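Shown next: work35.cif, given as mmCIF, C-alpha atoms and all ligand atoms.
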```cif
data_run
loop_
_atom_site.label_atom_id
_atom_site.label_comp_id
_atom_site.auth_asym_id
_atom_site.auth_seq_id
_atom_site.Cartn_x
_atom_site.Cartn_y
_atom_site.Cartn_z
CA MET F 1 183.98 106.81 -42.65
CA THR F 2 180.48 106.72 -44.09
CA ILE F 3 178.16 104.33 -42.36
CA ASN F 4 175.67 102.50 -44.50
CA SER F 5 172.98 101.82 -41.93
CA SER F 6 170.55 100.80 -44.69
CA ALA F 7 172.47 97.50 -44.87
CA TRP F 8 171.89 96.72 -41.16
CA GLN F 9 169.71 93.77 -40.25
CA THR F 10 169.89 93.91 -36.46
CA VAL F 11 170.63 96.58 -33.89
CA PHE F 12 171.13 96.01 -30.17
CA ILE F 13 170.19 99.01 -28.09
CA ASN F 14 170.42 99.55 -24.31
CA VAL F 15 173.41 97.27 -23.93
CA ASN F 16 176.82 97.45 -22.32
CA LEU F 17 179.72 96.01 -24.27
CA ALA F 18 182.78 94.09 -23.10
CA THR F 19 184.48 94.34 -26.48
CA MET F 20 187.67 92.47 -25.43
CA THR F 21 189.63 94.53 -27.94
CA ASP F 22 192.29 95.52 -25.39
CA GLY F 23 193.77 92.07 -24.79
CA ALA F 24 193.80 91.21 -21.10
CA ASN F 25 194.39 94.82 -20.02
CA SER F 26 190.71 95.58 -19.66
CA TYR F 27 187.28 94.49 -20.81
CA GLY F 28 187.34 97.20 -23.47
CA ALA F 29 184.04 98.20 -21.93
CA ILE F 30 181.57 100.61 -23.47
CA ALA F 31 178.63 101.40 -21.21
CA ASN F 32 175.27 102.58 -22.58
CA ALA F 33 176.16 101.29 -26.00
CA ALA F 34 174.62 99.96 -29.19
CA LEU F 35 175.81 97.45 -31.77
CA ALA F 36 174.65 96.82 -35.34
CA ILE F 37 174.93 93.70 -37.49
CA SER F 38 175.01 93.39 -41.24
CA ASP F 39 175.49 90.13 -43.16
CA GLY F 40 176.56 88.18 -40.11
CA LYS F 41 179.29 90.68 -39.21
CA ILE F 42 179.49 93.51 -36.72
CA ALA F 43 178.84 96.64 -38.78
CA TRP F 44 178.91 99.32 -36.10
CA LEU F 45 179.34 99.67 -32.35
CA GLY F 46 179.78 102.52 -29.95
CA LYS F 47 178.07 104.79 -27.49
CA ALA F 48 174.30 104.83 -27.87
CA THR F 49 174.45 108.60 -28.23
CA ASP F 50 176.59 108.16 -31.37
CA LEU F 51 174.33 105.56 -32.99
CA PRO F 52 173.73 106.63 -36.59
CA GLU F 53 170.18 106.92 -37.82
CA TYR F 54 168.67 103.76 -39.21
CA ASP F 55 165.34 102.64 -40.57
CA ALA F 56 163.55 101.03 -37.62
CA ASP F 57 161.02 99.47 -40.02
CA THR F 58 163.57 97.29 -41.79
CA VAL F 59 166.02 96.66 -38.95
CA LYS F 60 165.29 94.22 -36.12
CA VAL F 61 165.82 96.15 -32.90
CA ILE F 62 166.76 94.21 -29.77
CA ASP F 63 166.39 96.08 -26.52
CA GLY F 64 169.01 94.63 -24.17
CA GLN F 65 167.54 96.38 -21.12
CA GLY F 66 170.97 97.10 -19.70
CA LYS F 67 172.44 93.62 -20.19
CA TRP F 68 176.05 93.00 -21.24
CA LEU F 69 177.28 91.73 -24.59
CA THR F 70 180.57 89.90 -24.98
CA PRO F 71 182.06 88.05 -27.92
CA GLY F 72 180.81 84.45 -28.16
CA LEU F 73 183.16 82.39 -26.00
CA VAL F 74 186.01 80.29 -27.39
CA ASP F 75 187.10 76.96 -25.87
CA CYS F 76 190.44 76.47 -27.61
CA HIS F 77 191.51 73.08 -26.17
CA THR F 78 189.20 70.07 -25.82
CA HIS F 79 189.20 66.33 -26.30
CA LEU F 80 185.45 66.04 -26.09
CA VAL F 81 184.96 63.16 -28.53
CA TYR F 82 185.71 59.87 -26.72
CA GLY F 83 184.19 56.57 -25.66
CA GLY F 84 183.49 55.51 -22.09
CA ASN F 85 184.70 57.31 -18.99
CA ARG F 86 187.37 56.86 -16.32
CA ALA F 87 185.52 57.22 -13.03
CA ASN F 88 187.32 54.04 -11.90
CA GLU F 89 190.68 55.84 -12.24
CA PHE F 90 189.27 58.79 -10.35
CA GLU F 91 188.62 56.41 -7.48
CA MET F 92 192.13 54.97 -7.78
CA ARG F 93 193.65 58.43 -7.63
CA LEU F 94 191.58 59.24 -4.55
CA GLN F 95 193.15 56.15 -2.97
CA GLY F 96 196.59 57.55 -3.66
CA LYS F 97 197.63 56.36 -7.15
CA SER F 98 199.05 59.10 -9.37
CA TYR F 99 198.02 59.93 -12.94
CA GLN F 100 201.44 58.74 -14.14
CA GLU F 101 201.27 55.49 -12.15
CA ILE F 102 197.88 54.70 -13.64
CA ALA F 103 199.13 55.52 -17.15
CA ASN F 104 202.24 53.37 -16.66
CA ALA F 105 200.08 50.47 -15.45
CA GLY F 106 198.12 50.41 -18.70
CA GLY F 107 195.30 52.72 -17.64
CA GLY F 108 195.00 56.35 -18.54
CA ILE F 109 194.73 57.47 -22.14
CA VAL F 110 195.01 53.96 -23.58
CA SER F 111 191.98 52.76 -21.61
CA THR F 112 189.94 55.47 -23.33
CA VAL F 113 191.51 54.33 -26.60
CA SER F 114 189.97 50.85 -26.16
CA ALA F 115 186.53 52.33 -25.49
CA THR F 116 186.84 54.77 -28.39
CA ARG F 117 187.93 52.09 -30.85
CA LYS F 118 184.92 49.97 -29.86
CA ALA F 119 182.44 52.83 -30.32
CA SER F 120 180.73 53.54 -33.63
CA GLU F 121 180.66 57.02 -35.12
CA ALA F 122 177.04 57.31 -34.00
CA GLU F 123 177.92 56.30 -30.44
CA LEU F 124 180.80 58.76 -30.24
CA PHE F 125 178.57 61.49 -31.62
CA ALA F 126 175.83 60.72 -29.09
CA ALA F 127 178.34 60.82 -26.23
CA ALA F 128 179.98 64.07 -27.35
CA LEU F 129 176.84 66.03 -28.21
CA PRO F 130 175.74 66.68 -24.59
CA ARG F 131 179.23 67.93 -23.73
CA LEU F 132 179.27 70.31 -26.66
CA THR F 133 175.67 71.36 -25.99
CA ALA F 134 176.52 72.19 -22.38
CA LEU F 135 179.34 74.47 -23.50
CA HIS F 136 177.23 76.04 -26.21
CA GLN F 137 174.45 76.78 -23.70
CA GLN F 138 177.07 78.64 -21.67
CA GLY F 139 177.98 80.90 -24.56
CA VAL F 140 180.65 78.95 -26.44
CA THR F 141 180.47 79.63 -30.19
CA SER F 142 183.95 78.41 -31.25
CA ILE F 143 185.68 75.30 -30.02
CA GLU F 144 188.63 73.08 -30.77
CA ILE F 145 188.22 69.29 -30.74
CA LYS F 146 191.20 66.94 -30.85
CA SER F 147 191.51 63.36 -31.97
CA GLY F 148 193.96 61.21 -30.01
CA TYR F 149 191.90 58.33 -28.63
CA GLY F 150 191.97 56.28 -31.84
CA LEU F 151 195.74 55.94 -32.26
CA ASP F 152 195.39 54.14 -35.56
CA THR F 153 194.49 55.55 -38.94
CA GLU F 154 190.93 54.28 -39.03
CA ASN F 155 190.00 55.37 -35.52
CA GLU F 156 191.74 58.75 -35.61
CA ILE F 157 189.80 59.49 -38.78
CA LYS F 158 186.60 58.26 -37.15
CA MET F 159 187.08 60.75 -34.31
CA LEU F 160 187.78 63.66 -36.67
CA LYS F 161 184.72 62.80 -38.72
CA VAL F 162 182.57 62.83 -35.59
CA ALA F 163 183.98 66.25 -34.72
CA GLY F 164 182.90 67.36 -38.19
CA GLN F 165 179.40 65.97 -37.64
CA LEU F 166 179.12 67.97 -34.43
CA ALA F 167 179.75 71.12 -36.45
CA GLU F 168 176.72 70.24 -38.56
CA ALA F 169 174.58 69.55 -35.51
CA LEU F 170 175.12 72.80 -33.60
CA PRO F 171 175.85 76.37 -34.72
CA VAL F 172 179.39 76.28 -33.34
CA THR F 173 182.62 76.86 -35.25
CA ILE F 174 184.71 73.73 -34.72
CA LYS F 175 188.45 73.58 -35.36
CA ARG F 176 189.74 70.04 -35.56
CA THR F 177 193.18 69.00 -34.35
CA PHE F 178 194.93 65.75 -35.20
CA LEU F 179 196.55 64.37 -32.03
CA GLY F 180 197.76 60.98 -33.27
CA ALA F 181 200.83 61.44 -31.04
CA HIS F 182 198.81 61.45 -27.82
CA ALA F 183 199.94 58.12 -26.34
CA LEU F 184 201.52 54.88 -27.44
CA PRO F 185 198.87 52.30 -28.37
CA HIS F 186 199.43 48.86 -26.80
CA GLU F 187 200.24 47.24 -30.14
CA TYR F 188 203.31 49.50 -30.38
CA LYS F 189 204.51 48.90 -26.84
CA GLY F 190 208.31 49.23 -26.79
CA LYS F 191 208.29 50.56 -30.37
CA PRO F 192 207.57 54.28 -30.01
CA ASP F 193 209.67 55.27 -33.04
CA GLU F 194 207.72 52.88 -35.25
CA TYR F 195 204.50 54.42 -33.99
CA VAL F 196 205.77 57.93 -34.69
CA ASP F 197 206.61 56.77 -38.23
CA LEU F 198 203.03 55.58 -38.61
CA VAL F 199 201.74 58.95 -37.37
CA CYS F 200 203.98 60.88 -39.78
CA ASN F 201 203.87 58.67 -42.85
CA GLU F 202 200.41 57.17 -42.82
CA MET F 203 197.96 58.86 -40.46
CA LEU F 204 198.94 62.49 -41.04
CA PRO F 205 199.04 62.24 -44.86
CA GLN F 206 195.60 60.59 -44.85
CA VAL F 207 194.13 63.16 -42.46
CA ALA F 208 195.57 65.98 -44.57
CA LYS F 209 194.36 64.43 -47.82
CA GLU F 210 190.81 64.11 -46.52
CA ASN F 211 191.00 67.64 -45.08
CA LEU F 212 190.02 66.43 -41.62
CA ALA F 213 192.21 68.64 -39.47
CA ASP F 214 193.12 72.30 -39.07
CA ALA F 215 196.17 71.68 -36.89
CA VAL F 216 198.45 68.98 -35.46
CA ASP F 217 199.18 68.47 -31.75
CA VAL F 218 201.64 66.29 -29.81
CA PHE F 219 201.68 65.26 -26.14
CA CYS F 220 205.35 65.99 -25.39
CA GLU F 221 205.97 64.48 -21.96
CA GLY F 222 207.74 61.67 -20.12
CA ILE F 223 204.55 59.58 -20.39
CA GLY F 224 203.97 60.88 -23.94
CA PHE F 225 206.48 61.59 -26.70
CA SER F 226 210.07 62.82 -26.54
CA LEU F 227 211.33 66.07 -27.96
CA ALA F 228 212.86 64.30 -30.97
CA GLN F 229 209.66 62.39 -31.69
CA THR F 230 207.64 65.58 -31.32
CA GLU F 231 209.91 67.33 -33.82
CA GLN F 232 209.38 64.52 -36.32
CA VAL F 233 205.62 65.02 -36.13
CA PHE F 234 205.97 68.79 -36.43
CA ALA F 235 208.15 68.42 -39.51
CA ALA F 236 205.56 66.15 -41.11
CA ALA F 237 202.79 68.61 -40.26
CA LYS F 238 204.80 71.40 -41.87
CA ASN F 239 205.19 69.30 -45.02
CA HIS F 240 201.42 69.09 -45.20
CA GLY F 241 200.96 72.80 -44.55
CA LEU F 242 199.28 72.26 -41.17
CA PRO F 243 199.97 74.51 -38.17
CA VAL F 244 201.12 72.84 -34.97
CA LYS F 245 200.48 73.16 -31.26
CA ILE F 246 201.72 71.24 -28.26
CA HIS F 247 200.80 69.69 -24.91
CA ALA F 248 203.96 70.64 -23.06
CA GLU F 249 205.47 71.18 -19.65
CA GLN F 250 202.42 69.67 -17.93
CA LEU F 251 204.19 67.25 -15.60
CA SER F 252 207.84 68.12 -16.28
CA ASN F 253 209.94 70.51 -18.40
CA LEU F 254 211.21 68.85 -21.57
CA GLY F 255 211.55 72.09 -23.55
CA GLY F 256 208.53 71.35 -25.72
CA SER F 257 207.40 74.97 -25.84
CA GLU F 258 210.75 76.11 -27.24
CA LEU F 259 210.60 73.41 -29.88
CA ALA F 260 207.05 74.42 -30.76
CA ALA F 261 208.23 78.03 -31.12
CA LYS F 262 210.76 76.89 -33.73
CA TYR F 263 207.77 75.65 -35.74
CA ASN F 264 205.76 78.84 -35.19
CA ALA F 265 203.15 76.91 -33.24
CA LEU F 266 199.75 78.43 -32.50
CA SER F 267 200.02 77.64 -28.81
CA SER F 268 201.67 75.69 -26.03
CA ASP F 269 199.18 74.19 -23.63
CA HIS F 270 199.23 73.19 -19.90
CA ILE F 271 202.76 74.64 -19.24
CA GLU F 272 202.81 74.39 -15.45
CA PHE F 273 206.57 73.66 -15.64
CA LEU F 274 207.40 76.23 -18.37
CA ASP F 275 210.54 78.32 -17.72
CA GLU F 276 211.53 81.82 -18.80
CA ALA F 277 213.54 80.63 -21.82
CA GLY F 278 210.44 78.86 -23.09
CA ILE F 279 208.34 81.94 -22.45
CA LYS F 280 210.73 84.17 -24.39
CA ALA F 281 210.71 81.74 -27.30
CA MET F 282 206.90 81.68 -27.25
CA LYS F 283 206.76 85.46 -27.27
CA ALA F 284 209.17 85.69 -30.20
CA ALA F 285 207.03 83.20 -32.14
CA ASP F 286 203.79 85.07 -31.31
CA MET F 287 202.35 82.00 -29.58
CA VAL F 288 199.51 81.76 -27.08
CA ALA F 289 199.93 80.17 -23.65
CA VAL F 290 196.89 77.99 -23.05
CA LEU F 291 196.15 77.46 -19.35
CA LEU F 292 194.00 74.50 -18.34
CA PRO F 293 192.91 75.00 -14.74
CA GLY F 294 190.49 72.06 -14.89
CA ALA F 295 193.32 69.55 -15.36
CA PHE F 296 195.41 71.28 -12.68
CA TYR F 297 192.48 71.01 -10.30
CA PHE F 298 191.39 67.51 -11.21
CA LEU F 299 194.91 66.04 -10.93
CA ARG F 300 195.44 68.05 -7.74
CA GLU F 301 198.64 69.56 -9.18
CA THR F 302 200.58 71.98 -7.04
CA GLN F 303 202.98 73.55 -9.56
CA LEU F 304 201.32 76.73 -10.82
CA PRO F 305 201.92 77.92 -14.40
CA PRO F 306 204.36 80.88 -14.51
CA MET F 307 201.70 83.60 -14.77
CA GLU F 308 203.98 86.39 -13.56
CA LEU F 309 206.57 85.64 -16.24
CA LEU F 310 203.92 85.25 -18.91
CA ARG F 311 202.61 88.68 -17.95
CA LYS F 312 206.09 90.17 -17.84
CA HIS F 313 206.81 88.98 -21.39
CA GLN F 314 203.26 89.77 -22.54
CA VAL F 315 202.49 86.32 -23.83
CA PRO F 316 198.73 86.16 -24.37
CA MET F 317 197.08 83.66 -22.03
CA ALA F 318 194.05 81.63 -23.09
CA ILE F 319 191.93 79.43 -20.82
CA ALA F 320 190.18 76.26 -21.95
CA THR F 321 188.30 73.32 -20.49
CA ASP F 322 190.61 70.53 -21.77
CA SER F 323 187.34 68.54 -21.63
CA ASN F 324 188.56 64.91 -21.55
CA PRO F 325 187.81 61.73 -19.59
CA GLY F 326 191.11 61.46 -17.71
CA SER F 327 192.43 64.76 -16.47
CA SER F 328 189.55 67.21 -16.91
CA PRO F 329 186.10 65.62 -17.25
CA ILE F 330 184.65 69.09 -17.30
CA SER F 331 182.36 70.72 -19.85
CA ASN F 332 181.86 73.98 -18.03
CA ILE F 333 183.51 77.17 -19.28
CA GLN F 334 182.23 79.29 -16.39
CA LEU F 335 183.95 76.99 -13.94
CA MET F 336 187.18 77.49 -15.91
CA LEU F 337 186.78 81.27 -15.69
CA ASN F 338 186.36 80.94 -11.95
CA MET F 339 189.29 78.53 -11.54
CA GLY F 340 191.46 80.71 -13.76
CA CYS F 341 191.00 83.43 -11.13
CA THR F 342 190.96 81.39 -7.92
CA LEU F 343 193.62 78.78 -8.77
CA PHE F 344 195.84 80.66 -11.26
CA ARG F 345 195.22 84.14 -9.83
CA LEU F 346 194.23 85.70 -13.11
CA THR F 347 192.27 88.91 -13.01
CA PRO F 348 188.69 88.53 -14.25
CA ALA F 349 189.66 90.60 -17.32
CA GLU F 350 192.56 88.24 -18.03
CA ALA F 351 190.29 85.24 -17.60
CA LEU F 352 187.64 86.65 -19.92
CA ALA F 353 190.32 87.51 -22.49
CA GLY F 354 191.40 83.87 -22.15
CA VAL F 355 188.06 82.61 -23.47
CA THR F 356 187.58 85.39 -26.04
CA CYS F 357 190.36 87.25 -27.89
CA HIS F 358 193.22 85.04 -26.73
CA GLY F 359 191.30 81.80 -27.17
CA ALA F 360 190.51 82.91 -30.73
CA LYS F 361 194.19 83.64 -31.38
CA ALA F 362 195.09 80.15 -30.18
CA LEU F 363 192.82 78.79 -32.93
CA GLY F 364 194.18 81.09 -35.63
CA LEU F 365 190.88 83.00 -35.61
CA SER F 366 192.10 86.29 -34.15
CA ASN F 367 190.97 88.34 -37.14
CA LYS F 368 187.32 87.31 -36.96
CA LYS F 369 186.38 85.81 -33.58
CA GLY F 370 186.78 86.70 -29.93
CA GLN F 371 186.24 90.47 -30.09
CA LEU F 372 183.34 92.83 -30.57
CA ALA F 373 184.80 94.92 -33.38
CA VAL F 374 183.66 96.15 -36.75
CA GLY F 375 184.18 93.48 -39.41
CA PHE F 376 184.32 90.63 -36.90
CA ASP F 377 181.82 87.76 -37.00
CA ALA F 378 178.64 88.64 -35.12
CA ASP F 379 179.07 85.76 -32.62
CA ILE F 380 177.70 87.52 -29.56
CA ALA F 381 176.64 86.44 -26.07
CA MET F 382 174.13 88.49 -24.10
CA TRP F 383 174.47 88.11 -20.36
CA ASN F 384 172.19 88.76 -17.41
CA ILE F 385 174.88 90.48 -15.38
CA GLU F 386 175.61 93.90 -13.99
CA GLN F 387 179.38 93.77 -14.46
CA PRO F 388 181.69 91.49 -16.47
CA ALA F 389 183.49 90.10 -13.40
CA GLU F 390 180.28 88.22 -12.58
CA LEU F 391 181.15 85.80 -15.38
CA CYS F 392 184.15 84.68 -13.34
CA TYR F 393 182.63 85.12 -9.91
CA GLN F 394 179.82 82.61 -9.88
CA PHE F 395 179.04 79.34 -11.52
CA GLY F 396 176.07 77.01 -11.30
CA VAL F 397 173.54 79.60 -12.38
CA ASN F 398 173.81 80.19 -16.11
CA PRO F 399 173.90 83.95 -16.74
CA LEU F 400 173.55 83.52 -20.52
CA ASN F 401 170.46 85.31 -21.76
CA GLU F 402 170.77 84.96 -25.53
CA LEU F 403 173.42 83.78 -27.95
CA TYR F 404 173.94 84.91 -31.54
CA VAL F 405 176.07 83.26 -34.19
CA ALA F 406 176.77 85.17 -37.40
CA GLY F 407 174.00 87.53 -36.31
CA LYS F 408 171.35 84.83 -35.84
CA LYS F 409 169.85 84.02 -32.46
CA VAL F 410 170.72 80.40 -31.58
CA VAL F 411 170.05 80.17 -27.83
N1 LIG F 501 197.00 66.01 -21.47
C1 LIG F 501 195.76 66.08 -21.00
O1 LIG F 501 195.40 66.80 -20.13
C2 LIG F 501 194.92 65.16 -21.75
N2 LIG F 501 195.80 64.71 -22.75
C3 LIG F 501 197.00 65.18 -22.53
O2 LIG F 501 197.95 64.93 -23.26
C4 LIG F 501 194.48 64.03 -20.87
C5 LIG F 501 194.05 62.86 -21.63
C6 LIG F 501 193.55 61.72 -20.78
O3 LIG F 501 194.00 61.49 -19.65
O4 LIG F 501 192.68 61.01 -21.30
FE FE F 502 194.65 68.25 -23.45
#
```
The structure in this file should be written as structure tokens.
Amino acid sequence: MTINSSAWQTVFINVNLATMTDGANSYGAIANAALAISDGKIAWLGKATDLPEYDADTVKVIDGQGKWLTPGLVDCHTHLVYGGNRANEFEMRLQGKSYQEIANAGGGIVSTVSATRKASEAELFAAALPRLTALHQQGVTSIEIKSGYGLDTENEIKMLKVAGQLAEALPVTIKRTFLGAHALPHEYKGKPDEYVDLVCNEMLPQVAKENLADAVDVFCEGIGFSLAQTEQVFAAAKNHGLPVKIHAEQLSNLGGSELAAKYNALSSDHIEFLDEAGIKAMKAADMVAVLLPGAFYFLRETQLPPMELLRKHQVPMAIATDSNPGSSPISNIQLMLNMGCTLFRLTPAEALAGVTCHGAKALGLSNKKGQLAVGFDADIAMWNIEQPAELCYQFGVNPLNELYVAGKKVV
């Protein structure tokens, strides 16, 4: 292959690379490396001793002084646009009430729905921006944001528009997910099928028409939507050419992951109660298992996701914050890396793959994000660390040194 170094704009020298091109098997590390960028893409990478000649007068040279580069991080599951907060429910849970009891008593998701409906676009934007900024400052360059606290056409669209505005405000790639089937709004109490009809026949067509979502999600759970209702939403999504994903097997096993596999879903998320049949179906459908240790921690769950079986069947595991007001009020990706290891017993390489290559796959971005590889987007984090495991080992001190998006320095 001939290398056209005259097209390079930037070259990193004196760096170590965690390329994350080997899945969760290893960091894909290259020590004493260099990396070149051309037109926002990675144009070359390898051992420093193999670096082709380039014109140091026209290329910007960045001396990394031995720091590590990883792909920009991916947070593939968040609900970070919402009104209000639920600290009151946190107190109730500390006094012994369960998440389900609070939801059944009219709290939970629907209490955030009231606050979100009341908030203007500007107010929702102002509340979400610090959460997104915090993640971005920790190296996140791609993120998913779900709707699901509007639960009517107008307010679901309002949330998705705010998610779009966030993408204008910060140099972060934002994938939007329509989660109209998140909970039953109070005005449809006792009429879940009518609500699902509204989701399928009014909300989803409008969202698709206005191009406001990249995917469709359903909360398939005893306190959410049944398997049959979930399938109705998936069928409607398919009609509109939108990929699906699912909140499944979080509190019980309804078989949501297997259903999602039938629809070639991008991912099944939470999955503490997932069984081997579901795992096999996910593998056959090339899905990602998205683990959300923040929700597991915050709800003080005890049922661990089936990591051993996921490994055995080589289902790629992503990790995400699930940033939301009820079950994971957390906008900290480093904490998730740490919890992925301490709570879910992932190896640091598995955890890092979870927020890079596998997180990107969960968003349908596996061919351009989440790896340091030639032709991939030059979304690159530079870290003040001596070894990649440090990213999972500590939190509280931000090891991010610099962040690049499409080859431009943004932090
Ligand atoms: N599972 C979750 O973890 C979030 N949504 C869902 O379906 C929690 C949403 C909330 O409690 O506000
Ligand atoms: Fe969630």
Got a sec to check which residues sit within 10 Å of (207.7, 81.1, -24.1), counting only C-alpha atoms, and write them as a ChimeraX atom specification? /F:255-258,260-261,267-268,271,274-289,309-310,313-315
In Å, rounded to a single decimal, give me how far atom CA of Ile143 of chain F is from atom CA of Trp383 of chain F.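 Computing the Euclidean distance for atom CA of Trp383 of chain F and atom CA of Ile143 of chain F yields 19.6 Å.
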Take the point (178.9, 86.8, -27.2) as written in the file and pick out every residue within 7 Å of it, counting all atoms listed in the file; give the list as a PyMOL selection string. chain F and resi 69-73+139+379-382+403-404
Could you build a table of the residues in chain F lying no more than 8 Å from ligand LIG 501 (chain F), giving for each the nearest pair of atoms and their separation in Å rounded to one decimal place, using all atoms listed in the file, ordered by chain and ascending residue number, as a Markdown table?
```
| residue | atom | partner | partner_atom | distance |
| --- | --- | --- | --- | --- |
| F:His79 | CA | F:LIG501 | C2 | 7.4 |
| F:Tyr99 | CA | F:LIG501 | O3 | 8.0 |
| F:Gly108 | CA | F:LIG501 | O3 | 5.4 |
| F:Ile109 | CA | F:LIG501 | O4 | 4.2 |
| F:Val110 | CA | F:LIG501 | O4 | 7.8 |
| F:Thr112 | CA | F:LIG501 | O4 | 6.5 |
| F:Tyr149 | CA | F:LIG501 | O4 | 7.8 |
| F:His182 | CA | F:LIG501 | O2 | 5.8 |
| F:Ala183 | CA | F:LIG501 | O2 | 7.7 |
| F:Val218 | CA | F:LIG501 | O2 | 7.6 |
| F:Phe219 | CA | F:LIG501 | O2 | 4.7 |
| F:Cys220 | CA | F:LIG501 | O2 | 7.8 |
| F:Gly224 | CA | F:LIG501 | O2 | 7.3 |
| F:His247 | CA | F:LIG501 | O2 | 5.8 |
| F:Gln250 | CA | F:LIG501 | N1 | 7.4 |
| F:His270 | CA | F:LIG501 | O1 | 7.5 |
| F:Ala295 | CA | F:LIG501 | O1 | 5.9 |
| F:Asp322 | CA | F:LIG501 | O1 | 6.3 |
| F:Asn324 | CA | F:LIG501 | O4 | 5.7 |
| F:Pro325 | CA | F:LIG501 | O4 | 5.2 |
| F:Gly326 | CA | F:LIG501 | O3 | 3.5 |
| F:Ser327 | CA | F:LIG501 | O3 | 4.8 |
| F:Ser328 | CA | F:LIG501 | O1 | 6.7 |
```
State, in Å with one decimal place, the distance from atom CA of Asn104 of chain F to atom CA of Leu299 of chain F. 15.7 Å
Measuring atom to atom with all atoms listed in the file, identify which of F:Glu121, F:Glu144, F:Glu301, F:Glu194 is nearest to ligand FE 502 (chain F). F:Glu144
Would you compute the distance between atom CA of Asp269 of chain F and atom CA of Lys238 of chain F? Give it in Å to one decimal.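 Computing the Euclidean distance for atom CA of Asp269 of chain F and atom CA of Lys238 of chain F yields 19.3 Å.
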For a quick check of understanding, using only C-alpha atoms, which of F:Arg117, F:Lys47, F:Lys60, F:His186 has the smallest distance to Val11 of chain F?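 Smallest separation from Val11 of chain F among the options: F:Lys60.
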Looking at only C-alpha atoms and all ligand atoms, which of F:Glu154, F:Asp75, F:Glu350, F:Asp55 is the one that sits closest to ligand FE 502 (chain F)?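 Using only C-alpha atoms and all ligand atoms, the shortest distance to ligand FE 502 (chain F) belongs to F:Asp75.
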Pick from F:Ile62, F:Ala235, F:Ala115, F:Ala103: nearest to Glu402 of chain F, with all atoms listed in the file counted?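 Among the listed residues, F:Ile62 lies closest to Glu402 of chain F.
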Just checking: using only C-alpha atoms, which residue out of F:Ala33, F:Ile223, F:Val15, F:Val59 ends up closest to Glu101 of chain F?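 Smallest separation from Glu101 of chain F among the options: F:Ile223.
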Render segment 20-48 of chain F from the structure in the preceding block as a file of C-alpha atoms, as a short mmCIF file (atom, residue, chain, number, x, y, z; two decimals), in the first residue's frame.
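Full text of part_13.cif as output:
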```
data_model
loop_
_atom_site.label_atom_id
_atom_site.label_comp_id
_atom_site.auth_asym_id
_atom_site.auth_seq_id
_atom_site.Cartn_x
_atom_site.Cartn_y
_atom_site.Cartn_z
CA MET F 20 -9.34 -1.60 20.63
CA THR F 21 -9.30 -3.47 17.33
CA ASP F 22 -9.23 -6.89 19.01
CA GLY F 23 -12.67 -6.77 20.63
CA ALA F 24 -12.48 -7.46 24.34
CA ASN F 25 -9.56 -9.89 23.98
CA SER F 26 -6.94 -7.21 24.49
CA TYR F 27 -6.34 -3.50 24.23
CA GLY F 28 -4.82 -4.00 20.79
CA ALA F 29 -1.91 -2.10 22.26
CA ILE F 30 0.96 -0.65 20.26
CA ALA F 31 3.70 0.84 22.43
CA ASN F 32 6.07 3.54 21.16
CA ALA F 33 3.69 4.35 18.34
CA ALA F 34 2.61 7.15 16.05
CA LEU F 35 -0.70 8.02 14.42
CA ALA F 36 -1.51 10.30 11.48
CA ILE F 37 -4.74 12.08 10.58
CA SER F 38 -5.97 13.22 7.21
CA ASP F 39 -9.37 14.83 6.55
CA GLY F 40 -10.75 13.93 9.95
CA LYS F 41 -9.90 10.24 9.55
CA ILE F 42 -7.07 8.09 10.81
CA ALA F 43 -4.69 7.81 7.86
CA TRP F 44 -1.86 5.79 9.37
CA LEU F 45 -0.86 4.20 12.66
CA GLY F 46 1.83 1.85 13.81
CA LYS F 47 5.20 1.58 15.47
CA ALA F 48 7.08 4.87 15.56
#
```
